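Note sheet for the following structure.
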Amino acid sequence: MDLSISSPFRGAFPAPTSTFILNPKSRCSHSLNFLKHQNSYSKNPFFSRQKIPIRAQVSDPAVDDGFVIDDVPHLTDFLPDLPSYPNPLQNSQAYAIVKQTFVRPEDVVAQKIVVQKDSSRGVHFRRAGPREKVYFKSEEVRACIVTCGGLCPGINTVIREIVCGLNYMYGVDDILGIQGGYRGFYSKNTSTLTPKVVNDIHKRGGTFLLTSRGGHDTQKIVDNIQDRGINQVYIIGGDGTQRGASRIYEEVEKRGLKVAVAGIPKTIDNDIAVIDKSFGFDTAVEEAQRAINAAHVEVESVENGIGIVKLMGRYSGFIAMFATLASRDVDCCLIPESPFYLEGKGGLFEFIEERLKENGHIVIVAAEGAGQEYLAQSMQGIDEKDASGNRLLLDVGLWLTQNIKDHFTKERKMAINMKYIDPTYMIRAIPSNASDNIYCTLLAQSAVHGAMAGYTGFTVGPVNSRHAYIPISNVTETQNTVKLTDRMWARLLASTNQPSFLNCDESTGGKVCKDTIDLINNMKITSI
């Protein structure tokens with residue numbers, strides 16, 4: 001029995017052992033349930049991308065191991081007669097020695113790898129990499145690359161590797177650079193990108209293609225894509241940019257255009273959901289060490305030195321947390337996910353005074369989004385947003401500096417030496433380090449392989465250290481935030497020995513009360 005649904009699934013799953021079901025949580029409804037049995041067979045329906053029930057045989061319909069694939073769209077979903085071609089990589093000298101050049105159709109990546117014996121196998125994503133068949137002839141490809149949003153180490157490396165990947169691996173010569181973000185599609189000229197043009201851009205910070213916030217007009221953008229004959233679009237940006245990429249894909253599908261839309265997630269804050277981490281994050285943590293070290297040198301060289309370092313982290317405190325763990329010179333880390341208070345028992349003022357008595361100095365690292373609700377109570381709130389729709393934050397670094405200075409000089413009558421360092425733009429503007437350069441290469445090549453294989457409306461990234469193709473909606477619906485109930489935050493508290501600023505129940509040995517834990521677990525941080 002032939003279970004071919006559409007070209008990406010051909011030959012992927014044998015009939016006697018598989019059942020495909022619709023995943024209601026998947027925006028594209030491209031999910032399958034894989035049931036593995038051995039004995040007698042009975043008929044059960046499964047669904048294709050077009051939601052047409054198809055009959056398949058399984059041994060025991062009552063047994064369901066919960067194997068679900070959250071799949072990505074494919075050009076053949078709305079262009080069913082699209083021809084495929086042999087992948088040029090089969091003749092590549094670089095891949096000649098590779099044991100398995102092409103990713104098998106049934107290869108998937110598990111979202112959850114820590115499971116119990118009887119637990120569901122859970123959600124899986126399609127593994128990234130080259131496919132045996134492609135849906136573009138090399139000479140027919142006209143690709144474009146655009147960068148949007150704020151700066152981040154590694155953007156130029158991604159641009160370079162998309163260009164080199166398309167050219168060296170697939171023989172594509174026609175690649176355009178869209179200047180100045182989304183609005184560059186309809187308001188600026190394009191530039192021609194070749195391996196020679198982008199040869200050394202990875203050594204520079206910023207973005208070779210220029211960037212901007214906002215400017216997304218789906219109709220104008222797709223009109224421009226259609227007018228220019230572009231059939232592959234590579235979009236580098238954060239969650240807002242990826243939402244824009246999703247709308248571009250939907251309009252392309254609506255018009256029935258043979259255009260593959262691939263997203264490469266970018267955020268220095270590491271707040272992209274699903275993937276292990278975002279590119280530029282390792283570089284940011286490494287560069288933050290220099291600021292923390294400078295603050296530590298300053299405060300230990302004076303009496304009662306208090307150093308505050310403000311790091312990036314609008315809604316997620318990953319940079320602050322990892323920089324603190326890596327430094328070992330930090331006494332207290334403040335992040336958006338963890339509320340704190342200044343006065344009273346167990347407050348920040350009390351902790352600072354204790355450390356000054358013990359060590360003569362203290363270093364505090366604060367993510368830019370930390371304590372925003374607290375700041376709004378004592379300062380006049382600013383209800384403004386940037387061009388990307390992000391709420392403008394109050395400056396927690398300056399606010400902390402002033403409040404600490406007032407408390408100790410006016411109320412405690414203590415002489416202190418305040419040092420405030422904000423390395424935000426220094427960190428954003430540097431080139432990526434070696435680790436991020438390698439990571440950016442994998443992201444770029446995975447995106448190229450996916451687009452050439454006909455996948456569209458997807459983003460790429462590592463899931464449990466294996467690169468996968470992920471529906472764009474999965475990385476834009478929620479944000480990745482520090483979980484205060486996970487061990488990593490506990491490791492930080494153990495390292496700094498700072499207060500948790502949470503209500504604890506002395507009758508349970510200092511454990512955080514259940515109501516507080518429930519509040520943390522249910523907390524959702526959203527872009528306003």
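Just so we're on the same page: first chain in the structure tokens is A, next is B, and so on; residues restart at 1 for each chain, and ligands are numbered from 1 in the order they show up.
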
Closest contacts (region 141-248 of chain A/region 429-449 of chain A, max 7 Å, only C-alpha atoms) as CSV:
```
residue,atom,partner,partner_atom,distance
A:Leu151,CA,A:Ala429,CA,6.7
A:Cys152,CA,A:Ala429,CA,6.7
A:Pro153,CA,A:Ser432,CA,4.6
A:Gly154,CA,A:Ser432,CA,4.7
A:Thr157,CA,A:Cys440,CA,6.1
A:Val158,CA,A:Cys440,CA,5.2
A:Glu161,CA,A:Ala444,CA,5.7
A:Ile162,CA,A:Ala444,CA,5.0
A:Gly165,CA,A:Gln445,CA,5.9
A:Leu166,CA,A:Val448,CA,6.5
A:His202,CA,A:Pro431,CA,6.9
A:Lys203,CA,A:Pro431,CA,5.9
A:Arg204,CA,A:Pro431,CA,5.2
A:Gly205,CA,A:Pro431,CA,4.2
A:Gly206,CA,A:Ala429,CA,5.5
```

Find the residues around region 87-95 of chain A up to 12 Å (only C-alpha atoms counted), leave out those fewer than 3 positions away in its own chain, and share them as a PyMOL selection string. chain A and resi 84+98-103+129-139+165-172+449-450+452-454

List as a Markdown table every residue of region 238-357 of chain A that is in contact with region 181-193 of chain A, defined as an atom at most 10 Å from one of its atoms (using only C-alpha atoms), together with the nearest atom pair and the distance in Å rounded to one decimal, sorted by chain and then rising number.
```
| residue | atom | partner | partner_atom | distance |
| --- | --- | --- | --- | --- |
| A:Thr241 | CA | A:Tyr182 | CA | 8.6 |
| A:Gly244 | CA | A:Tyr182 | CA | 8.8 |
| A:Ala245 | CA | A:Tyr182 | CA | 9.8 |
```

Would you mind listing what lies within 12 Å of His124 (chain A) as a PyMOL selection string, with only C-alpha atoms counted and same-chain residues fewer than 2 positions away left out? chain A and resi 23+26+30-34+66-72+106-113+120-122+126-127+274+463-464+466-471

Do a neighbour search on Thr207 (chain A) at 8 Å with only C-alpha atoms, toss out local chain neighbours closer than 6 positions, and write the hits as a ChimeraX atom specification. /A:147,151,155-156

Test item: residues at most 12 Å from His407 (chain A), only C-alpha atoms, excluding those fewer than 2 positions along its chain, as a PDB file with N, CA, C and O atoms, in the first residue's frame:
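And here is the file that came out, around36.pdb:
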```
ATOM      1  N   LEU A 342      13.326  46.504  47.409  1.00  0.00           N
ATOM      2  CA  LEU A 342      14.492  47.201  47.951  1.00  0.00           C
ATOM      3  C   LEU A 342      14.536  47.209  49.468  1.00  0.00           C
ATOM      4  O   LEU A 342      15.554  46.848  50.069  1.00  0.00           O
ATOM      5  N   GLU A 343      13.451  47.588  50.105  1.00  0.00           N
ATOM      6  CA  GLU A 343      13.456  47.826  51.540  1.00  0.00           C
ATOM      7  C   GLU A 343      12.891  46.644  52.321  1.00  0.00           C
ATOM      8  O   GLU A 343      12.201  45.795  51.770  1.00  0.00           O
ATOM      9  N   LEU A 348      16.839  44.119  48.868  1.00  0.00           N
ATOM     10  CA  LEU A 348      18.132  44.361  48.224  1.00  0.00           C
ATOM     11  C   LEU A 348      19.025  45.268  49.073  1.00  0.00           C
ATOM     12  O   LEU A 348      20.236  45.024  49.170  1.00  0.00           O
ATOM     13  N   PHE A 349      18.444  46.292  49.697  1.00  0.00           N
ATOM     14  CA  PHE A 349      19.249  47.183  50.534  1.00  0.00           C
ATOM     15  C   PHE A 349      19.927  46.411  51.662  1.00  0.00           C
ATOM     16  O   PHE A 349      21.117  46.630  51.958  1.00  0.00           O
ATOM     17  N   GLU A 350      19.186  45.536  52.325  1.00  0.00           N
ATOM     18  CA  GLU A 350      19.744  44.756  53.433  1.00  0.00           C
ATOM     19  C   GLU A 350      20.879  43.868  52.929  1.00  0.00           C
ATOM     20  O   GLU A 350      21.930  43.751  53.582  1.00  0.00           O
ATOM     21  N   ILE A 352      22.811  44.325  50.265  1.00  0.00           N
ATOM     22  CA  ILE A 352      23.969  45.152  49.901  1.00  0.00           C
ATOM     23  C   ILE A 352      24.773  45.523  51.147  1.00  0.00           C
ATOM     24  O   ILE A 352      26.011  45.428  51.163  1.00  0.00           O
ATOM     25  N   GLU A 353      24.077  45.908  52.205  1.00  0.00           N
ATOM     26  CA  GLU A 353      24.773  46.308  53.438  1.00  0.00           C
ATOM     27  C   GLU A 353      25.534  45.136  54.033  1.00  0.00           C
ATOM     28  O   GLU A 353      26.670  45.293  54.515  1.00  0.00           O
ATOM     29  N   LEU A 400      18.288  52.128  39.887  1.00  0.00           N
ATOM     30  CA  LEU A 400      18.929  51.425  40.994  1.00  0.00           C
ATOM     31  C   LEU A 400      20.063  52.265  41.579  1.00  0.00           C
ATOM     32  O   LEU A 400      20.208  52.380  42.810  1.00  0.00           O
ATOM     33  N   THR A 401      20.883  52.820  40.697  1.00  0.00           N
ATOM     34  CA  THR A 401      22.028  53.615  41.145  1.00  0.00           C
ATOM     35  C   THR A 401      21.573  54.756  42.049  1.00  0.00           C
ATOM     36  O   THR A 401      22.134  54.984  43.134  1.00  0.00           O
ATOM     37  N   GLN A 402      20.553  55.476  41.631  1.00  0.00           N
ATOM     38  CA  GLN A 402      20.072  56.622  42.400  1.00  0.00           C
ATOM     39  C   GLN A 402      19.445  56.195  43.720  1.00  0.00           C
ATOM     40  O   GLN A 402      19.682  56.807  44.772  1.00  0.00           O
ATOM     41  N   ASN A 403      18.639  55.138  43.692  1.00  0.00           N
ATOM     42  CA  ASN A 403      17.967  54.690  44.922  1.00  0.00           C
ATOM     43  C   ASN A 403      18.955  54.129  45.937  1.00  0.00           C
ATOM     44  O   ASN A 403      18.809  54.371  47.142  1.00  0.00           O
ATOM     45  N   ILE A 404      19.950  53.399  45.469  1.00  0.00           N
ATOM     46  CA  ILE A 404      20.962  52.864  46.381  1.00  0.00           C
ATOM     47  C   ILE A 404      21.775  54.008  46.990  1.00  0.00           C
ATOM     48  O   ILE A 404      22.057  54.033  48.204  1.00  0.00           O
ATOM     49  N   LYS A 405      22.141  54.980  46.153  1.00  0.00           N
ATOM     50  CA  LYS A 405      22.910  56.122  46.641  1.00  0.00           C
ATOM     51  C   LYS A 405      22.117  56.906  47.687  1.00  0.00           C
ATOM     52  O   LYS A 405      22.638  57.253  48.761  1.00  0.00           O
ATOM     53  N   THR A 409      23.467  57.010  51.622  1.00  0.00           N
ATOM     54  CA  THR A 409      24.044  58.307  52.001  1.00  0.00           C
ATOM     55  C   THR A 409      23.105  59.133  52.864  1.00  0.00           C
ATOM     56  O   THR A 409      23.544  59.821  53.798  1.00  0.00           O
ATOM     57  N   LYS A 410      21.808  59.058  52.597  1.00  0.00           N
ATOM     58  CA  LYS A 410      20.862  59.896  53.321  1.00  0.00           C
ATOM     59  C   LYS A 410      20.246  59.196  54.521  1.00  0.00           C
ATOM     60  O   LYS A 410      20.058  59.805  55.583  1.00  0.00           O
ATOM     61  N   GLU A 411      19.921  57.903  54.384  1.00  0.00           N
ATOM     62  CA  GLU A 411      19.252  57.204  55.483  1.00  0.00           C
ATOM     63  C   GLU A 411      20.251  56.466  56.374  1.00  0.00           C
ATOM     64  O   GLU A 411      20.166  56.532  57.595  1.00  0.00           O
ATOM     65  N   ARG A 412      21.189  55.742  55.768  1.00  0.00           N
ATOM     66  CA  ARG A 412      22.140  54.967  56.556  1.00  0.00           C
ATOM     67  C   ARG A 412      23.391  55.765  56.918  1.00  0.00           C
ATOM     68  O   ARG A 412      24.208  55.301  57.703  1.00  0.00           O
ATOM     69  N   LYS A 413      23.537  56.928  56.305  1.00  0.00           N
ATOM     70  CA  LYS A 413      24.686  57.798  56.578  1.00  0.00           C
ATOM     71  C   LYS A 413      26.013  57.080  56.351  1.00  0.00           C
ATOM     72  O   LYS A 413      26.970  57.222  57.106  1.00  0.00           O
ATOM     73  N   MET A 414      26.061  56.289  55.274  1.00  0.00           N
ATOM     74  CA  MET A 414      27.259  55.543  54.913  1.00  0.00           C
ATOM     75  C   MET A 414      27.890  56.159  53.668  1.00  0.00           C
ATOM     76  O   MET A 414      27.195  56.547  52.733  1.00  0.00           O
ATOM     77  N   ALA A 415      29.203  56.239  53.681  1.00  0.00           N
ATOM     78  CA  ALA A 415      29.920  56.708  52.487  1.00  0.00           C
ATOM     79  C   ALA A 415      30.093  55.524  51.531  1.00  0.00           C
ATOM     80  O   ALA A 415      30.650  54.483  51.901  1.00  0.00           O
ATOM     81  N   ILE A 416      29.595  55.666  50.318  1.00  0.00           N
ATOM     82  CA  ILE A 416      29.712  54.601  49.336  1.00  0.00           C
ATOM     83  C   ILE A 416      30.289  55.166  48.035  1.00  0.00           C
ATOM     84  O   ILE A 416      30.274  56.372  47.793  1.00  0.00           O
TER      85      ILE A 416
END
```

Give me, as a ChimeraX atom specification, the residues of region 211-287 of chain A that a backbone DSSP run labels alpha helix (DSSP H). /A:218-228,239-255,281-287

Please save N, CA, C and O atoms of the selected residues as a compact mmCIF listing (two decimals), in the first residue's frame.
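The result, stored in result_5.txt:
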```txt
# COMPACT_ATOMS: atom_id res chain seq x y z
N THR A 218 2.80 43.73 4.00
CA THR A 218 2.79 42.42 3.33
C THR A 218 2.50 42.53 1.84
O THR A 218 3.20 41.92 1.01
N GLN A 219 1.49 43.29 1.49
CA GLN A 219 1.11 43.39 0.08
C GLN A 219 2.24 43.99 -0.76
O GLN A 219 2.58 43.46 -1.83
N LYS A 220 2.83 45.07 -0.28
CA LYS A 220 3.92 45.70 -1.03
C LYS A 220 5.13 44.77 -1.14
O LYS A 220 5.78 44.70 -2.18
N ILE A 221 5.42 44.08 -0.06
CA ILE A 221 6.58 43.19 -0.05
C ILE A 221 6.39 42.06 -1.05
O ILE A 221 7.27 41.76 -1.87
N VAL A 222 5.23 41.40 -1.02
CA VAL A 222 5.00 40.27 -1.92
C VAL A 222 4.87 40.76 -3.37
O VAL A 222 5.30 40.07 -4.30
N ASP A 223 4.30 41.93 -3.56
CA ASP A 223 4.27 42.52 -4.91
C ASP A 223 5.68 42.67 -5.45
O ASP A 223 5.97 42.35 -6.61
N ASN A 224 6.59 43.16 -4.60
CA ASN A 224 7.97 43.35 -5.00
C ASN A 224 8.65 42.02 -5.28
O ASN A 224 9.42 41.88 -6.25
N ILE A 225 8.39 41.03 -4.41
CA ILE A 225 8.95 39.69 -4.63
C ILE A 225 8.50 39.15 -5.98
O ILE A 225 9.29 38.59 -6.76
N GLN A 226 7.23 39.32 -6.27
CA GLN A 226 6.66 38.82 -7.53
C GLN A 226 7.23 39.60 -8.72
O GLN A 226 7.61 38.98 -9.74
N ASP A 227 7.32 40.91 -8.61
CA ASP A 227 7.80 41.73 -9.72
C ASP A 227 9.27 41.45 -10.04
O ASP A 227 9.68 41.46 -11.21
N ARG A 228 10.07 41.19 -9.01
CA ARG A 228 11.49 40.95 -9.22
C ARG A 228 11.80 39.50 -9.60
O ARG A 228 12.94 39.17 -9.91
N ASP A 239 11.35 37.75 16.95
CA ASP A 239 9.99 37.20 16.88
C ASP A 239 9.06 38.08 16.06
O ASP A 239 8.21 37.58 15.31
N GLY A 240 9.20 39.41 16.17
CA GLY A 240 8.37 40.29 15.35
C GLY A 240 8.65 40.12 13.87
O GLY A 240 7.74 40.10 13.04
N THR A 241 9.92 40.00 13.53
CA THR A 241 10.32 39.77 12.14
C THR A 241 9.79 38.44 11.63
O THR A 241 9.33 38.34 10.49
N GLN A 242 9.83 37.42 12.50
CA GLN A 242 9.34 36.10 12.08
C GLN A 242 7.83 36.10 11.88
O GLN A 242 7.31 35.39 11.02
N ARG A 243 7.12 36.90 12.68
CA ARG A 243 5.68 37.03 12.43
C ARG A 243 5.44 37.65 11.06
O ARG A 243 4.50 37.28 10.34
N GLY A 244 6.28 38.62 10.70
CA GLY A 244 6.19 39.20 9.37
C GLY A 244 6.49 38.17 8.29
O GLY A 244 5.83 38.15 7.24
N ALA A 245 7.47 37.31 8.53
CA ALA A 245 7.80 36.25 7.58
C ALA A 245 6.62 35.31 7.39
O ALA A 245 6.35 34.83 6.28
N SER A 246 5.92 35.02 8.49
CA SER A 246 4.75 34.15 8.41
C SER A 246 3.66 34.77 7.53
O SER A 246 3.03 34.08 6.73
N ARG A 247 3.46 36.08 7.67
CA ARG A 247 2.45 36.75 6.84
C ARG A 247 2.87 36.77 5.37
O ARG A 247 2.01 36.65 4.47
N ILE A 248 4.16 36.91 5.11
CA ILE A 248 4.65 36.85 3.73
C ILE A 248 4.38 35.47 3.13
O ILE A 248 3.91 35.34 2.00
N TYR A 249 4.69 34.42 3.90
CA TYR A 249 4.42 33.06 3.42
C TYR A 249 2.94 32.87 3.12
O TYR A 249 2.56 32.29 2.08
N GLU A 250 2.07 33.34 4.01
CA GLU A 250 0.63 33.16 3.81
C GLU A 250 0.15 33.88 2.54
O GLU A 250 -0.69 33.35 1.80
N GLU A 251 0.69 35.06 2.28
CA GLU A 251 0.30 35.79 1.07
C GLU A 251 0.85 35.10 -0.17
O GLU A 251 0.16 35.04 -1.22
N VAL A 252 2.06 34.58 -0.08
CA VAL A 252 2.65 33.83 -1.20
C VAL A 252 1.79 32.60 -1.52
O VAL A 252 1.50 32.31 -2.69
N GLU A 253 1.37 31.89 -0.47
CA GLU A 253 0.53 30.71 -0.67
C GLU A 253 -0.81 31.12 -1.29
O GLU A 253 -1.33 30.45 -2.20
N LYS A 254 -1.38 32.22 -0.80
CA LYS A 254 -2.66 32.71 -1.32
C LYS A 254 -2.57 33.01 -2.81
O LYS A 254 -3.51 32.72 -3.58
N ARG A 255 -1.45 33.56 -3.24
CA ARG A 255 -1.27 33.90 -4.65
C ARG A 255 -0.79 32.72 -5.49
O ARG A 255 -0.71 32.82 -6.72
N PHE A 281 24.17 34.91 21.20
CA PHE A 281 24.02 34.83 22.66
C PHE A 281 25.35 34.50 23.33
O PHE A 281 25.74 35.15 24.32
N ASP A 282 26.07 33.51 22.81
CA ASP A 282 27.37 33.15 23.41
C ASP A 282 28.33 34.32 23.37
O ASP A 282 29.06 34.58 24.34
N THR A 283 28.34 35.05 22.24
CA THR A 283 29.22 36.21 22.12
C THR A 283 28.84 37.28 23.14
O THR A 283 29.70 37.90 23.76
N ALA A 284 27.53 37.49 23.31
CA ALA A 284 27.06 38.50 24.25
C ALA A 284 27.47 38.16 25.68
O ALA A 284 27.91 39.03 26.44
N VAL A 285 27.33 36.90 26.05
CA VAL A 285 27.72 36.47 27.41
C VAL A 285 29.22 36.65 27.61
O VAL A 285 29.68 37.12 28.66
N GLU A 286 29.98 36.30 26.58
CA GLU A 286 31.43 36.43 26.67
C GLU A 286 31.85 37.89 26.80
O GLU A 286 32.70 38.24 27.63
N GLU A 287 31.25 38.77 25.98
CA GLU A 287 31.61 40.18 26.03
C GLU A 287 31.15 40.83 27.33
O GLU A 287 31.81 41.76 27.83
```

Can you tell me, as number ranges by chain, which residues in region 401-460 of chain A count as strand (DSSP E) by DSSP? A: 417-421, 458-460

Counting only C-alpha atoms, figure out which residue out of A:Leu375, A:Val396, A:Ala288, A:Ile235 gets nearest to Ala262 (chain A).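 Answer, going by the shortest atom-to-atom distance: A:Ile235.
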
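Using only C-alpha atoms, the smallest distance between any of A:Thr485, A:Asn304, A:Thr476, A:Ser278 and Gly461 (chain A) comes from A:Ser278.
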
Please provide as a ChimeraX atom specification all residues within 8 Å of Ser338 (chain A), with the sequence filter that same-chain residues fewer than 3 positions apart are discarded (counting only C-alpha atoms). /A:334-335,370,484,501
